[in-house]
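Everything below concerns the one structure shown next.
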Amino acid sequence: VQLQASGGGLVQAGDSLRLSCAASGRTFSSYAMGWFRQAPGKEREFVAAISRNANNLYYADSVKGRFTISRDNARSTVYLQLNSLKPEDTADYYCAAKKTGSVTYYFKAEYQYEYWGQGTQVTVSS
C-alpha cells in the first residue's frame with residue numbers, strides 16, 4: 001500500500017488542522033493505521049493509532065484530548081484532527097499502515113508498521 005499524507009501548514013497556537021492520509025489500493029480496511037511525528041532534532045514518536053474497525057483508538061499522553069484519529073474505509077483515508085495546537089506540536093507528521101488479521105488491534109510501536117507516508121509538516125507559532 002502507498003500512503004500520501006497532506007494537510008499540514010503554518011498555524012498559530014490554539015488553531016486547528018486536519019491531516020489526511022490517503023492509501024492506494026483496495027485493501028485499506030485490512031490495515032491498522034497510525035500517526036507519528038518527528039520534531040526537528042528529535043526522534044520520531046507515536047501520536048495516535050486506530051484499529052481496522054475504528055472501534056479502538058489510542059493516543060500519546062501529550063495529545064490526548066486535543067487530537068482525534070479517525071478513518072473512512074470507503075475513502076481509504078485516515079485522518080488526524082489537531083485541535084488546540086501548541087508550539088511543541090511542531091513536527092513532520094507521518095502516517096503508517098500495518099496489515100493485520102485483527103479488526104480490533106491497534107499498534108503503538110514504530111517497528112510494527114510496514115508502510116509509511118512521506119510526511120506533512122506542521123508548524124505552530126506562539
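Identifiers in this document derive from the order of the C-alpha cells: chains are assigned A, B, ..., residues are numbered from 1 separately in each chain, and ligands are numbered from 1 in order of occurrence.
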
Open item on the list: Residues near Ser126 of chain A, anyone? I mean within 12 Å using only C-alpha atoms, not counting same-chain ones fewer than 5 positions away, as number ranges by chain.
Closed with: A: 10-15, 84-90

Could you save those same residues with C-alpha atoms as an mmCIF file, in the first residue's frame?
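This went into out35.cif:
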```
data_model
loop_
_atom_site.group_PDB
_atom_site.id
_atom_site.type_symbol
_atom_site.label_atom_id
_atom_site.label_comp_id
_atom_site.auth_asym_id
_atom_site.auth_seq_id
_atom_site.Cartn_x
_atom_site.Cartn_y
_atom_site.Cartn_z
ATOM 1 C CA LEU A 10 1.730 27.012 9.411
ATOM 2 C CA VAL A 11 -0.754 27.945 12.122
ATOM 3 C CA GLN A 12 -0.862 29.882 15.365
ATOM 4 C CA ALA A 13 -1.091 28.395 18.828
ATOM 5 C CA GLY A 14 -4.671 27.423 19.594
ATOM 6 C CA ASP A 15 -5.579 26.822 15.959
ATOM 7 C CA SER A 84 -5.654 23.460 20.461
ATOM 8 C CA LEU A 85 -2.283 23.298 18.785
ATOM 9 C CA LYS A 86 0.814 24.215 20.751
ATOM 10 C CA PRO A 87 4.285 25.226 19.544
ATOM 11 C CA GLU A 88 5.576 21.883 20.823
ATOM 12 C CA ASP A 89 3.338 20.133 18.290
ATOM 13 C CA THR A 90 5.595 21.459 15.537
#
```

TODO: Determine, counting only C-alpha atoms, which protein, DNA and RNA residues have an atom within 8 Å of an atom of Phe107 of chain A; residues of the same chain fewer than 5 positions away are not included. Present the result as JSON, numbers by chain.
DONE: {"A": [32, 33, 34, 49, 50, 112, 113]}

Restricting it to all heavy atoms, dump the selection as a PDB file, in the first residue's frame.
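Below is the file that was written, again.pdb:
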```pdb
ATOM      1  N   ALA A  32      -4.412  -1.736  10.098  1.00  0.00           N
ATOM      2  CA  ALA A  32      -4.467  -0.810  11.224  1.00  0.00           C
ATOM      3  C   ALA A  32      -3.588   0.383  10.859  1.00  0.00           C
ATOM      4  O   ALA A  32      -2.594   0.228  10.150  1.00  0.00           O
ATOM      5  CB  ALA A  32      -3.956  -1.483  12.484  1.00  0.00           C
ATOM      6  N   MET A  33      -3.963   1.553  11.344  1.00  0.00           N
ATOM      7  CA  MET A  33      -3.268   2.773  10.938  1.00  0.00           C
ATOM      8  C   MET A  33      -2.752   3.534  12.143  1.00  0.00           C
ATOM      9  O   MET A  33      -3.295   3.426  13.253  1.00  0.00           O
ATOM     10  CB  MET A  33      -4.212   3.680  10.138  1.00  0.00           C
ATOM     11  CG  MET A  33      -4.782   3.046   8.879  1.00  0.00           C
ATOM     12  SD  MET A  33      -3.520   2.629   7.668  1.00  0.00           S
ATOM     13  CE  MET A  33      -2.907   4.257   7.227  1.00  0.00           C
ATOM     14  N   GLY A  34      -1.718   4.309  11.902  1.00  0.00           N
ATOM     15  CA  GLY A  34      -1.164   5.118  12.973  1.00  0.00           C
ATOM     16  C   GLY A  34      -0.601   6.422  12.449  1.00  0.00           C
ATOM     17  O   GLY A  34      -0.360   6.579  11.240  1.00  0.00           O
ATOM     18  N   ALA A  49      -3.218   5.905  17.154  1.00  0.00           N
ATOM     19  CA  ALA A  49      -3.423   4.673  16.398  1.00  0.00           C
ATOM     20  C   ALA A  49      -4.906   4.334  16.366  1.00  0.00           C
ATOM     21  O   ALA A  49      -5.656   4.697  17.281  1.00  0.00           O
ATOM     22  CB  ALA A  49      -2.637   3.526  17.017  1.00  0.00           C
ATOM     23  N   ILE A  50      -5.287   3.618  15.313  1.00  0.00           N
ATOM     24  CA  ILE A  50      -6.686   3.235  15.142  1.00  0.00           C
ATOM     25  C   ILE A  50      -6.753   1.826  14.568  1.00  0.00           C
ATOM     26  O   ILE A  50      -5.959   1.464  13.692  1.00  0.00           O
ATOM     27  CB  ILE A  50      -7.413   4.257  14.234  1.00  0.00           C
ATOM     28  CG1 ILE A  50      -8.915   3.984  14.181  1.00  0.00           C
ATOM     29  CG2 ILE A  50      -6.802   4.289  12.838  1.00  0.00           C
ATOM     30  CD1 ILE A  50      -9.701   5.140  13.563  1.00  0.00           C
ATOM     31  N   GLN A 112       6.425  -1.870  14.324  1.00  0.00           N
ATOM     32  CA  GLN A 112       5.304  -2.725  13.962  1.00  0.00           C
ATOM     33  C   GLN A 112       4.695  -2.357  12.604  1.00  0.00           C
ATOM     34  O   GLN A 112       3.990  -3.154  12.007  1.00  0.00           O
ATOM     35  CB  GLN A 112       4.228  -2.663  15.039  1.00  0.00           C
ATOM     36  CG  GLN A 112       4.673  -3.258  16.369  1.00  0.00           C
ATOM     37  CD  GLN A 112       3.638  -3.095  17.452  1.00  0.00           C
ATOM     38  OE1 GLN A 112       3.231  -1.967  17.779  1.00  0.00           O
ATOM     39  NE2 GLN A 112       3.191  -4.194  18.033  1.00  0.00           N
ATOM     40  N   TYR A 113       4.951  -1.152  12.152  1.00  0.00           N
ATOM     41  CA  TYR A 113       4.329  -0.676  10.921  1.00  0.00           C
ATOM     42  C   TYR A 113       5.174  -1.011   9.701  1.00  0.00           C
ATOM     43  O   TYR A 113       6.393  -0.903   9.718  1.00  0.00           O
ATOM     44  CB  TYR A 113       4.072   0.828  11.002  1.00  0.00           C
ATOM     45  CG  TYR A 113       2.922   1.152  11.914  1.00  0.00           C
ATOM     46  CD1 TYR A 113       3.119   1.366  13.277  1.00  0.00           C
ATOM     47  CD2 TYR A 113       1.624   1.213  11.413  1.00  0.00           C
ATOM     48  CE1 TYR A 113       2.050   1.634  14.117  1.00  0.00           C
ATOM     49  CE2 TYR A 113       0.551   1.499  12.249  1.00  0.00           C
ATOM     50  CZ  TYR A 113       0.776   1.701  13.595  1.00  0.00           C
ATOM     51  OH  TYR A 113      -0.293   1.971  14.416  1.00  0.00           O
TER      52      TYR A 113
END
```

Extract, using only C-alpha atoms, all DNA, RNA and protein residues at most 8 Å from Gln38 of chain A, discarding same-chain residues fewer than 2 positions from it, and format them as a compact mmCIF listing (two decimals) with all heavy atoms, in the first residue's frame.
```txt
# COMPACT_ATOMS: atom_id res chain seq x y z
N PHE A 36 2.53 9.22 13.48
CA PHE A 36 3.74 9.51 14.24
C PHE A 36 4.18 10.93 13.88
O PHE A 36 3.72 11.50 12.89
CB PHE A 36 4.84 8.51 13.89
CG PHE A 36 4.56 7.11 14.36
CD1 PHE A 36 3.65 6.30 13.70
CD2 PHE A 36 5.21 6.59 15.47
CE1 PHE A 36 3.38 5.01 14.14
CE2 PHE A 36 4.97 5.30 15.91
CZ PHE A 36 4.04 4.51 15.24
N PRO A 40 12.10 18.70 14.87
CA PRO A 40 13.50 18.94 14.49
C PRO A 40 14.44 18.54 15.61
O PRO A 40 14.27 18.92 16.77
CB PRO A 40 13.53 20.45 14.26
CG PRO A 40 12.13 20.81 13.90
CD PRO A 40 11.25 19.90 14.69
N LYS A 42 14.80 15.71 17.00
CA LYS A 42 14.29 14.69 17.91
C LYS A 42 13.96 13.41 17.16
O LYS A 42 13.84 13.41 15.93
CB LYS A 42 13.05 15.21 18.64
CG LYS A 42 13.32 16.39 19.56
CD LYS A 42 12.11 16.72 20.40
CE LYS A 42 12.40 17.84 21.37
NZ LYS A 42 11.23 18.16 22.22
N GLU A 43 13.77 12.33 17.92
CA GLU A 43 13.39 11.07 17.32
C GLU A 43 11.89 11.07 17.00
O GLU A 43 11.11 11.81 17.59
CB GLU A 43 13.72 9.91 18.26
CG GLU A 43 15.21 9.73 18.48
CD GLU A 43 15.52 8.49 19.30
OE1 GLU A 43 14.58 7.88 19.85
OE2 GLU A 43 16.70 8.14 19.41
N ARG A 44 11.53 10.23 16.05
CA ARG A 44 10.12 10.10 15.70
C ARG A 44 9.37 9.48 16.88
O ARG A 44 9.88 8.55 17.51
CB ARG A 44 9.96 9.26 14.44
CG ARG A 44 8.57 9.27 13.87
CD ARG A 44 8.56 9.00 12.37
NE ARG A 44 9.19 7.76 12.00
CZ ARG A 44 9.37 7.37 10.73
NH1 ARG A 44 8.92 8.14 9.74
NH2 ARG A 44 9.94 6.24 10.46
N GLU A 45 8.16 9.99 17.15
CA GLU A 45 7.39 9.50 18.27
C GLU A 45 5.96 9.18 17.86
O GLU A 45 5.42 9.76 16.91
CB GLU A 45 7.36 10.54 19.40
CG GLU A 45 6.67 11.84 19.05
CD GLU A 45 6.57 12.79 20.24
OE1 GLU A 45 7.08 12.48 21.33
OE2 GLU A 45 5.96 13.87 20.07
N ALA A 91 6.19 19.67 14.02
CA ALA A 91 6.88 18.44 13.63
C ALA A 91 6.44 18.06 12.22
O ALA A 91 5.48 18.61 11.67
CB ALA A 91 6.54 17.29 14.58
N ASP A 92 7.17 17.11 11.65
CA ASP A 92 6.69 16.41 10.46
C ASP A 92 5.82 15.26 10.93
O ASP A 92 6.24 14.48 11.78
CB ASP A 92 7.85 15.89 9.62
CG ASP A 92 8.63 17.01 8.96
OD1 ASP A 92 8.01 18.04 8.60
OD2 ASP A 92 9.85 16.87 8.80
N TYR A 93 4.63 15.14 10.37
CA TYR A 93 3.69 14.11 10.77
C TYR A 93 3.63 13.03 9.69
O TYR A 93 3.47 13.34 8.50
CB TYR A 93 2.31 14.72 10.99
CG TYR A 93 2.21 15.46 12.31
CD1 TYR A 93 2.84 16.69 12.48
CD2 TYR A 93 1.51 14.92 13.39
CE1 TYR A 93 2.78 17.36 13.69
CE2 TYR A 93 1.44 15.58 14.60
CZ TYR A 93 2.09 16.80 14.75
OH TYR A 93 2.02 17.46 15.95
```

Task: Asn73 of chain A surroundings by only C-alpha atoms, 12 Å radius, close-in-sequence under 4 positions cut, as a ChimeraX atom specification - done: /A:21-33,50-54,77-79

Export of prior selection with N, CA, C and O atoms as a compact mmCIF listing (two decimals), in the first residue's frame:
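Resulting contents of part-v5.txt:
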```txt
# COMPACT_ATOMS: atom_id res chain seq x y z
N CYS A 21 -4.48 11.15 5.24
CA CYS A 21 -3.53 10.19 4.68
C CYS A 21 -4.33 9.25 3.79
O CYS A 21 -5.11 8.44 4.27
N ALA A 22 -4.12 9.40 2.49
CA ALA A 22 -4.84 8.60 1.51
C ALA A 22 -4.00 7.39 1.13
O ALA A 22 -2.80 7.51 0.85
N ALA A 23 -4.64 6.23 1.10
CA ALA A 23 -3.95 5.00 0.77
C ALA A 23 -4.37 4.51 -0.61
O ALA A 23 -5.52 4.66 -1.01
N SER A 24 -3.42 3.96 -1.32
CA SER A 24 -3.72 3.39 -2.62
C SER A 24 -4.23 1.96 -2.44
O SER A 24 -4.09 1.37 -1.37
N GLY A 25 -4.81 1.42 -3.47
CA GLY A 25 -5.25 0.04 -3.40
C GLY A 25 -6.63 -0.12 -2.82
O GLY A 25 -7.23 0.84 -2.33
N ARG A 26 -7.12 -1.34 -2.83
CA ARG A 26 -8.50 -1.60 -2.41
C ARG A 26 -8.56 -2.40 -1.13
O ARG A 26 -9.60 -2.94 -0.79
N THR A 27 -7.43 -2.48 -0.40
CA THR A 27 -7.41 -3.29 0.81
C THR A 27 -7.16 -2.47 2.06
O THR A 27 -6.67 -2.98 3.05
N PHE A 28 -7.50 -1.19 2.02
CA PHE A 28 -7.23 -0.29 3.13
C PHE A 28 -7.82 -0.83 4.42
O PHE A 28 -7.22 -0.71 5.48
N SER A 29 -8.98 -1.43 4.34
CA SER A 29 -9.65 -1.92 5.55
C SER A 29 -8.91 -3.08 6.21
O SER A 29 -9.25 -3.48 7.32
N SER A 30 -7.89 -3.61 5.55
CA SER A 30 -7.08 -4.69 6.11
C SER A 30 -5.95 -4.18 6.98
O SER A 30 -5.20 -4.98 7.55
N TYR A 31 -5.83 -2.86 7.07
CA TYR A 31 -4.69 -2.25 7.77
C TYR A 31 -5.12 -1.48 9.00
O TYR A 31 -6.05 -0.66 8.95
N ALA A 32 -4.41 -1.74 10.10
CA ALA A 32 -4.47 -0.81 11.22
C ALA A 32 -3.59 0.38 10.86
O ALA A 32 -2.59 0.23 10.15
N MET A 33 -3.96 1.55 11.34
CA MET A 33 -3.27 2.77 10.94
C MET A 33 -2.75 3.53 12.14
O MET A 33 -3.29 3.43 13.25
N ILE A 50 -5.29 3.62 15.31
CA ILE A 50 -6.69 3.24 15.14
C ILE A 50 -6.75 1.83 14.57
O ILE A 50 -5.96 1.46 13.69
N SER A 51 -7.69 1.04 15.08
CA SER A 51 -7.85 -0.32 14.60
C SER A 51 -8.57 -0.34 13.25
O SER A 51 -9.09 0.67 12.79
N ARG A 52 -8.62 -1.51 12.66
CA ARG A 52 -9.26 -1.63 11.35
C ARG A 52 -10.72 -1.23 11.38
O ARG A 52 -11.22 -0.61 10.45
N ASN A 53 -11.41 -1.58 12.46
CA ASN A 53 -12.85 -1.27 12.53
C ASN A 53 -13.14 0.07 13.17
O ASN A 53 -14.29 0.42 13.36
N ALA A 54 -12.06 0.80 13.50
CA ALA A 54 -12.16 2.15 14.08
C ALA A 54 -12.77 2.17 15.47
O ALA A 54 -13.01 3.25 16.01
N THR A 77 -8.88 6.38 3.62
CA THR A 77 -8.21 7.54 4.19
C THR A 77 -8.28 7.50 5.71
O THR A 77 -9.32 7.15 6.28
N VAL A 78 -7.19 7.87 6.34
CA VAL A 78 -7.15 8.06 7.78
C VAL A 78 -6.89 9.54 8.04
O VAL A 78 -6.17 10.20 7.28
N TYR A 79 -7.51 10.04 9.10
CA TYR A 79 -7.41 11.47 9.43
C TYR A 79 -6.81 11.66 10.81
O TYR A 79 -6.91 10.79 11.67
```

Open item on the list: So, with only C-alpha atoms as the atoms that count, which of A:Ala48, A:Phe67, A:Ser102, A:Cys95 lies closest to Thr120 of chain A?
Closed with: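 Of the candidates, the smallest distance to Thr120 of chain A is held by A:Cys95.
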
- [ ] From chain A, collect each residue whose DSSP state is strand (DSSP E) and return the set as an NGL selection string.
- [x] :A and (3-6 or 9-12 or 17-23 or 31-38 or 45-50 or 57-59 or 67-72 or 77-82 or 91-99 or 115-116 or 120-125)
